[in-house]
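What follows is a single structure, written as structure tokens, with notes after it.
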Amino acid sequence: MVIRTGTGGIDVRASIWGLVAVMITLVGVYFGSGSLRWFDAALAGYLIGVLLAVWATVYRYLVWIQRPPTAVLNRRGWESFRSKGKVGRNVGGLVGLVFTNILAQGFIRRRSVARWAAHQLVFWGCILAAAVTFPLTFGWLHFESVGQSGDQYKAYLFGIGTVAFPAESLIGFVMFHTLNIAAFLVIGGVLVFLYRRLRDPGALAVERATDFLPLVGLFAVSITGLFLTASSLWLEGRYYSFLTDLHALTVILGLLYIPFGKLFHIFQRPANLGVHYYRRAGAEGEQQLCRVCEQPWASKMQVDDLKFVLPQVGFDYSDGSGGNWQDTCPRCRRTSIALAQTNRVGGFG
């Protein structure tokens, strides 16, 4: 159900699912923090930002997945994944796809090692930061001193004691400086991205002003987080209150930007894994023969899907005689265009 208002509209179904996701998050916070016993009220602003981002992300994702091209790819991907007799193979292949396409991002390394290094730094920096920030914000993770000396700490996850460690040990340093490590990783990736975008001719040719916005946001979140550590360690806590508010502002704005900018591909990328199963099913199925040269050039499933989707987005390639230009291979299309242009100018001579 969609309620239209003027040229825009509100997708009621997506809005409701967004609210459901928010409620699930709040329930998780309540029970995961021991009925708010371990919830830090100082982090309430971060929680509000997370809840707004959760609603907006779910809403945007459901609207995106309903678009004609995405909807067809999503349906075909699941159909291919659940193909009779191939589920076991597909499940096994999914593990490899997650590693190569999401974790290792090999498809980026084949294009450019520098781009791959930048993506890896930002990716793992954000993963590391999220693995600490969200549990702390939700009250799922907290630390308590052991004994009266204050030199031993124990980490509690969902109220269950886990590892104990000396505060001044290597483990303690990593525990208390994980977010700083993540910040350095992200800043390193951002600097590589900026260098490439400002020096690489190919990147400059397709540069847009909005391409810098996510880099600025990631840098702002990381550097203001490091400012907090600098204030605590070297400035005797000076400006800490102001820096806390500044960091919270950058984090909340960053969270709210996720559903509306380039960072939304964080959620789009996993869905695109279905394209691999779609291609495999197409390669193993019936092939489309060109109506001119009668040679196979694509899977019939893909061509049929194109003929179904393109009219819905304003591109109808029906030729008026019951046929469709999508039944013609690219080589024969180029030939037809060249012949039409030649006839238009009166021949080759």
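Please note that chains go A, B, ... in the order of the structure tokens, that every chain numbers its residues from 1, and that ligands are numbered from 1 in the order shown.
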Extract, using only C-alpha atoms, all DNA, RNA and protein residues at most 10 Å from Arg37 in chain A, discarding same-chain residues fewer than 6 positions from it, and format them as an mmCIF file with N, CA and C atoms, in the first residue's frame.
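Ended up saving to selection-v4.cif:
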data_model
loop_
_atom_site.group_PDB
_atom_site.id
_atom_site.type_symbol
_atom_site.label_atom_id
_atom_site.label_comp_id
_atom_site.auth_asym_id
_atom_site.auth_seq_id
_atom_site.Cartn_x
_atom_site.Cartn_y
_atom_site.Cartn_z
ATOM 1 N N TYR A 30 16.665 -2.938 25.871
ATOM 2 C CA TYR A 30 16.110 -3.101 27.222
ATOM 3 C C TYR A 30 16.575 -4.410 27.859
ATOM 4 N N PHE A 31 16.411 -5.508 27.132
ATOM 5 C CA PHE A 31 16.768 -6.799 27.722
ATOM 6 C C PHE A 31 18.279 -7.044 27.701
ATOM 7 N N GLY A 139 24.209 -0.812 25.775
ATOM 8 C CA GLY A 139 24.366 -1.362 27.121
ATOM 9 C C GLY A 139 24.611 -2.848 27.139
ATOM 10 N N GLY A 159 25.658 -8.765 30.417
ATOM 11 C CA GLY A 159 25.669 -9.025 31.851
ATOM 12 C C GLY A 159 26.448 -10.253 32.263
#
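Summary of the local environment: counting only C-alpha atoms, residues at most 10 Å from Ala220 in chain A, other than itself and those fewer than 6 positions away along its chain, are A:Ala183, A:Ile187, A:Pro214, A:Leu226, A:Leu246, A:His247, A:Leu249, A:Thr250, A:Val251, A:Gly254.
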Among the residues of range 205-319 of chain A, find those DSSP assigns to strand (DSSP E or B) from the backbone and print them as an MDAnalysis selection string. chainID A and resid 287:289 296:299 318
Residues within 6 Å of range 276-280 of chain A, please, as a VMD selection string. Count only C-alpha atoms; anything in the same chain fewer than 2 positions from it doesn't count. chain A and resid 77 80 273 to 274 282 to 283
If you keep C-alpha atoms, can you produce a file of those selected residues as a short mmCIF file (atom, residue, chain, number, x, y, z; two decimals), in the first residue's frame?
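Result file follows (selection_18.cif):
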data_model
loop_
_atom_site.label_atom_id
_atom_site.label_comp_id
_atom_site.auth_asym_id
_atom_site.auth_seq_id
_atom_site.Cartn_x
_atom_site.Cartn_y
_atom_site.Cartn_z
CA GLY A 77 18.23 -14.42 -7.33
CA SER A 80 18.10 -19.43 -8.58
CA LEU A 273 25.18 -11.45 -4.22
CA GLY A 274 21.99 -12.85 -5.75
CA GLY A 282 21.05 -18.03 -16.93
CA ALA A 283 24.24 -19.64 -18.20
#
Skip Asn272 in chain A itself and residues of its chain fewer than 5 positions away, then list as a ChimeraX atom specification all residues within 10 Å of it, counting only C-alpha atoms. /A:70,73-74,77,101,265,267,277
Show me, as a PyMOL selection string, the residues that have an atom within 7 Å of range 140-142 of chain A when counting only C-alpha atoms, minus same-chain residues fewer than 5 positions from it. chain A and resi 32-33+135+155-158
Contacts of range 83-100 of chain A at 9 Å (only C-alpha atoms; same-chain gap of 4+ positions) as a VMD selection string: chain A and resid 78 to 79 104 to 107 270 273 276 to 277 281
Export of prior selection with C-alpha atoms as a PDB file, in the first residue's frame:
ATOM      1  CA  TRP A  78      16.150 -16.235  -4.723  1.00  0.00           C
ATOM      2  CA  GLU A  79      14.614 -18.497  -7.368  1.00  0.00           C
ATOM      3  CA  ALA A 104      38.163  -9.518   0.734  1.00  0.00           C
ATOM      4  CA  GLN A 105      36.527  -7.348  -1.977  1.00  0.00           C
ATOM      5  CA  GLY A 106      38.525  -9.022  -4.708  1.00  0.00           C
ATOM      6  CA  PHE A 107      36.470  -7.367  -7.469  1.00  0.00           C
ATOM      7  CA  PRO A 270      24.845  -8.221   0.248  1.00  0.00           C
ATOM      8  CA  LEU A 273      25.176 -11.446  -4.219  1.00  0.00           C
ATOM      9  CA  HIS A 276      25.847 -14.372  -9.129  1.00  0.00           C
ATOM     10  CA  TYR A 277      23.170 -17.061  -8.801  1.00  0.00           C
ATOM     11  CA  ALA A 281      21.107 -19.990 -13.686  1.00  0.00           C
TER      12      ALA A 281
END
Find the residues around Thr178 in chain A up to 8 Å (only C-alpha atoms counted), leave out those fewer than 4 positions away in its own chain, and share them as a ChimeraX atom specification. /A:128-129,132,174,182
Go ahead and compute the interatomic distance for CA of Pro259 in chain A and CA of Tyr61 in chain A, in Å to one decimal. 8.1 Å
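The space between CA of Trp17 in chain A and CA of Tyr59 in chain A spans 7.3 Å.
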Can you list, as a CSV table (one decimal) with C-alpha atoms, in the first residue's frame, all residues belonging to range 92-187 of chain A that DSSP tags as alpha helix (DSSP H)?
chain,number,residue,atom,x,y,z
A,92,GLY,CA,28.4,-23.7,0.1
A,93,GLY,CA,29.1,-21.1,-2.7
A,94,LEU,CA,27.5,-18.4,-0.6
A,95,VAL,CA,30.3,-18.7,2.0
A,96,GLY,CA,32.9,-18.1,-0.7
A,97,LEU,CA,30.9,-15.2,-2.2
A,106,GLY,CA,38.5,-9.0,-4.7
A,107,PHE,CA,36.5,-7.4,-7.5
A,108,ILE,CA,37.9,-4.0,-6.4
A,109,ARG,CA,41.5,-5.3,-6.3
A,113,VAL,CA,45.2,-2.0,-5.8
A,114,ALA,CA,45.1,1.5,-4.3
A,115,ARG,CA,41.3,1.5,-4.4
A,116,TRP,CA,41.2,-1.9,-2.8
A,117,ALA,CA,43.6,-0.9,0.0
A,118,ALA,CA,41.5,2.2,0.7
A,119,HIS,CA,38.3,0.2,0.7
A,120,GLN,CA,39.8,-2.4,3.0
A,121,LEU,CA,41.1,0.2,5.5
A,122,VAL,CA,37.7,2.0,5.7
A,123,PHE,CA,35.7,-1.3,5.7
A,124,TRP,CA,37.6,-2.9,8.5
A,125,GLY,CA,37.9,0.3,10.4
A,126,CYS,CA,34.1,0.7,10.3
A,127,ILE,CA,33.5,-2.9,11.2
A,128,LEU,CA,35.8,-2.6,14.2
A,129,ALA,CA,34.2,0.6,15.3
A,130,ALA,CA,30.7,-0.8,14.9
A,131,ALA,CA,31.6,-3.9,16.9
A,132,VAL,CA,32.5,-1.7,19.9
A,133,THR,CA,30.2,1.3,19.5
A,134,PHE,CA,26.9,-0.3,19.1
A,135,PRO,CA,27.2,-2.8,22.0
A,136,LEU,CA,28.4,0.0,24.3
A,137,THR,CA,25.6,2.3,23.2
A,138,PHE,CA,23.0,-0.4,23.7
A,170,LEU,CA,48.6,-5.2,25.9
A,171,ILE,CA,45.1,-6.7,26.0
A,172,GLY,CA,44.0,-3.7,28.1
A,173,PHE,CA,45.5,-1.2,25.7
A,174,VAL,CA,43.8,-2.8,22.8
A,175,MET,CA,40.5,-3.1,24.7
A,176,PHE,CA,40.4,0.6,25.7
A,178,THR,CA,39.9,-0.2,19.9
A,179,LEU,CA,38.0,2.9,18.7
A,180,ASN,CA,41.3,4.8,18.2
A,181,ILE,CA,42.7,1.9,16.1
A,182,ALA,CA,39.6,1.9,14.1
A,183,ALA,CA,39.8,5.7,13.6
A,184,PHE,CA,43.4,5.4,12.3
A,185,LEU,CA,42.3,2.7,9.8
A,186,VAL,CA,39.5,4.9,8.5
A,187,ILE,CA,41.6,8.0,8.3
